[in-house]
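Chemist: Below you'll find the structure I mean.
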Amino acid sequence: MQLRGTSRINEQGHLEIGGVDSVDLSRRFGTPLYVMDEQMIRERMRAFINAFRKTGLSFQVAYASKAFSTLAMCRLVEEEGLYLDVVSDGELYTALKANFPPERIYFHGNNKTPEELEMGLKAGIGWFVVDNFTELSLLNSLAQREGITVRILLRTTPGVEAHTHDYIQTGQEDSKFGFDLGNGQVKRAIQQSLQSERLQLDGFHCHIGSQIFGAEGFRLAVQKMAALTRESRAVFGFHPRILNLGGGFGIRYQASDRPIPIEEYVSAIAEEIRAGFSGETCPEIWLEPGRSIVGEAGTTLYRVGSTKEVPGIRKYVAVDGGMNDNPRPALYQATYEAIVANRAAETPQERISVAGKLCESGDMLIWDLDVPKVETGDVLAVLSTGAYNYSMANNYNRLRRPAVVFVRDGQADLVVQRERLDDLLQNDRIPERMMAVEPVE
Ligand SMILES: Cc1ncc(COP(=O)(O)O)c(C=O)c1O
Ligand SMILES: N[C@@H](CCCC[NH3+])C(=O)O
């Protein structure tokens, strides 16, 4: 199996990540544990920047914080000089508390509440990516009230069907996101934006989906956005300064996944941009990857607990987490690779299926995994769990969300502590009438 980033098998035959023995990590921080390879995260961010530099285009790369957002992650993004895409008050709050410069933040979402919009306005964030007509009017009136002008991009739905799971496609016509390119909505939105006293239209955005392997969808999206730019210049005299092409670059979850290198995505996009804007001023090109920055950099460590043999059919091996810390297999039939971290050098001897510990038959992390003989107490490392795992984790079955550690150069730092049982109760209230009362005499 191909290990990710800085991972290797050390002299003890253990999986090592960022120069730290994962079995030691499991003892020191407990399990389940999200381990993030900091060097790999930094390298992925730099890969986007360096690829763009080679194209000669003017560009910005933003990190889509929905993939994995914590204070420490926001610090990394800031240090690497990227912009930050947030989609909620919670993500914005995290970024601001991490001292992320507000002018490098922009706010996405198809139903931002008035409170969220106000929070963004008051914080002085760089842009709002306006998704629909309701928001266009609301944002203008809120900005009016605050006496400020806000910069916006319009999210468009380009009608490009990306080849990925139905639930993570976003660019097709029948989508809850954005102004539709095909039916004239975008033109109405441009007109309304240009007439809005407090809105400064800076450009357009599109995002065709997630976990996309080839560059073809992105090429098509560029063609549509270039056509939109030409039309907007011709019809409205409006010259967009920014074209944001979203995220969606695929990563390796299983051996058969063949994501193309970041550089190839970027050079295909650049080629299409040059073709689409030949002889004309080209807007600044933005991308907002999430998964491709953090996905392969994450590994989840679990402790193996009980096992169950269904004779002639399969062996279930249960771990101490499951669909609460990784809902992706249940949601999208996502597949993962895993290795037994304390037997990483041993050859496979049996085929198991990895079950979670939640009360759902669908709580299966991996079907049919070839492993050395596993025993209770072993440490199972599931690879490529850096994106949409911690960020989608929940407390179903009143399980506590795991801790997160960053590892780098032999050092491990706790960046999110494991939830405590009391954390589960901190927002619970017992109504007065349910409190125990003194028995009536
Ligand atoms: C608008 C938008 N931008 C960026 C992303 C990040 O996508 P990915 O994590 O696939 O790069 C998403 C998620 O799909 C998104 O909805
Ligand atoms: N959460 C999804 C991707 C959706 C991204 C947001 N538009 C996943 O795990 O693949």
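Each chain in the structure tokens gets a letter, A, B and so on, in the order shown; residues start at 1 in every chain, and ligands are counted from 1 in the order they appear.
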Enumerate residues in contact with ligand 1: an atom-to-atom distance of at most 6 Å, counting only C-alpha atoms and all ligand atoms. Format the result as a list in words.

Modeler: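 Written in the requested form, the residues are Ala64, Ala67, His207, Gly209, Ser210, Gln211, Gly246, Gly247, Gly248, Phe249, Glu288, Pro289, Gly290, Arg291 and Ser292 of chain A.
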
Chemist: Take the residues from that selection and put them in a file with C-alpha atoms, as a PDB file, in the first residue's frame.

Modeler:
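Written out: part24.pdb:
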ATOM      1  CA  ALA A  64     -11.988  25.845   2.010  1.00  0.00           C
ATOM      2  CA  ALA A  67     -12.844  20.417   4.989  1.00  0.00           C
ATOM      3  CA  HIS A 207     -17.768  25.234  -7.946  1.00  0.00           C
ATOM      4  CA  GLY A 209     -18.326  19.488  -7.142  1.00  0.00           C
ATOM      5  CA  SER A 210     -15.888  17.584  -5.014  1.00  0.00           C
ATOM      6  CA  GLN A 211     -13.493  14.622  -5.361  1.00  0.00           C
ATOM      7  CA  GLY A 246     -13.956  26.732  -6.609  1.00  0.00           C
ATOM      8  CA  GLY A 247     -12.381  23.551  -5.304  1.00  0.00           C
ATOM      9  CA  GLY A 248     -13.064  19.886  -5.874  1.00  0.00           C
ATOM     10  CA  PHE A 249      -9.660  18.366  -6.715  1.00  0.00           C
ATOM     11  CA  GLU A 288     -10.570  27.214  -3.156  1.00  0.00           C
ATOM     12  CA  PRO A 289      -9.435  23.640  -2.516  1.00  0.00           C
ATOM     13  CA  GLY A 290     -10.272  21.895   0.752  1.00  0.00           C
ATOM     14  CA  ARG A 291      -9.959  18.118   0.480  1.00  0.00           C
ATOM     15  CA  SER A 292      -6.800  18.214  -1.648  1.00  0.00           C
TER      16      SER A 292
END

Chemist: Enumerate as a list in words all residues of region 339-393 of chain A assigned to helix (DSSP H, G or I) by DSSP on the backbone, naming them with the chain letters and numbers the document uses.

Modeler: Ala341, Asn342, Arg343, Tyr390, Ser391 and Met392 of chain A

Chemist: Let me see the file: selected residues, C-alpha atoms, as a PDB file, in the first residue's frame.

Modeler:
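Saved file again_25.pdb follows:
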ATOM      1  CA  ALA A 341      -0.234   0.398  12.810  1.00  0.00           C
ATOM      2  CA  ASN A 342       1.545  -1.911  15.260  1.00  0.00           C
ATOM      3  CA  ARG A 343       1.979  -4.664  12.609  1.00  0.00           C
ATOM      4  CA  TYR A 390     -13.208  15.893  12.041  1.00  0.00           C
ATOM      5  CA  SER A 391     -15.311  18.626  10.401  1.00  0.00           C
ATOM      6  CA  MET A 392     -18.324  16.317  10.013  1.00  0.00           C
TER       7      MET A 392
END

Chemist: Which residues are close to Pro327 (chain A), i.e. within 12 Å by only C-alpha atoms, leaving aside same-chain residues fewer than 6 positions away? Reply as a PDB file with C-alpha atoms, in the first residue's frame.

Modeler:
ATOM      1  CA  GLY A 321     -15.058   4.932  16.811  1.00  0.00           C
ATOM      2  CA  GLN A 333     -20.345   4.816   0.281  1.00  0.00           C
ATOM      3  CA  ALA A 334     -16.815   6.201   0.598  1.00  0.00           C
ATOM      4  CA  THR A 335     -14.019   3.642   0.676  1.00  0.00           C
ATOM      5  CA  GLY A 356     -17.711   1.039  14.135  1.00  0.00           C
ATOM      6  CA  LEU A 358     -22.394   2.780  16.972  1.00  0.00           C
ATOM      7  CA  GLU A 360     -26.369   1.203  13.267  1.00  0.00           C
ATOM      8  CA  GLY A 362     -24.577   0.950   8.377  1.00  0.00           C
ATOM      9  CA  ASP A 363     -21.793   1.896  10.761  1.00  0.00           C
ATOM     10  CA  MET A 364     -19.097   0.118   8.765  1.00  0.00           C
ATOM     11  CA  LEU A 365     -15.822   1.884   8.055  1.00  0.00           C
ATOM     12  CA  ILE A 366     -14.258  -0.597   5.626  1.00  0.00           C
ATOM     13  CA  THR A 385      -9.168  10.949   6.748  1.00  0.00           C
ATOM     14  CA  ALA A 387     -10.931  16.100   5.085  1.00  0.00           C
ATOM     15  CA  TYR A 388     -14.591  16.004   6.103  1.00  0.00           C
ATOM     16  CA  ASN A 389     -13.961  13.691   9.044  1.00  0.00           C
ATOM     17  CA  TYR A 390     -13.208  15.893  12.041  1.00  0.00           C
ATOM     18  CA  SER A 391     -15.311  18.626  10.401  1.00  0.00           C
ATOM     19  CA  MET A 392     -18.324  16.317  10.013  1.00  0.00           C
ATOM     20  CA  ALA A 393     -17.868  14.465  13.303  1.00  0.00           C
ATOM     21  CA  ASN A 394     -20.824  14.382  15.643  1.00  0.00           C
ATOM     22  CA  ASN A 395     -21.937  13.085  19.017  1.00  0.00           C
ATOM     23  CA  TYR A 396     -24.339  10.388  17.868  1.00  0.00           C
TER      24      TYR A 396
END

Chemist: Pick out the residues sitting within 12 Å of Leu425 (chain A), and hand them over as a tab-separated table (two decimals) with C-alpha atoms, in the first residue's frame; count only C-alpha atoms, and ignore anything fewer than 6 positions along from it in its own chain.

Modeler:
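Output contents, as saved in result.tsv:
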chain	number	residue	atom	x	y	z
A	395	ASN	CA	-21.94	13.08	19.02
A	398	ARG	CA	-23.40	10.44	22.86
A	399	LEU	CA	-19.91	9.53	21.80
A	400	ARG	CA	-17.21	12.07	22.40
A	419	GLU	CA	-14.22	15.86	24.32
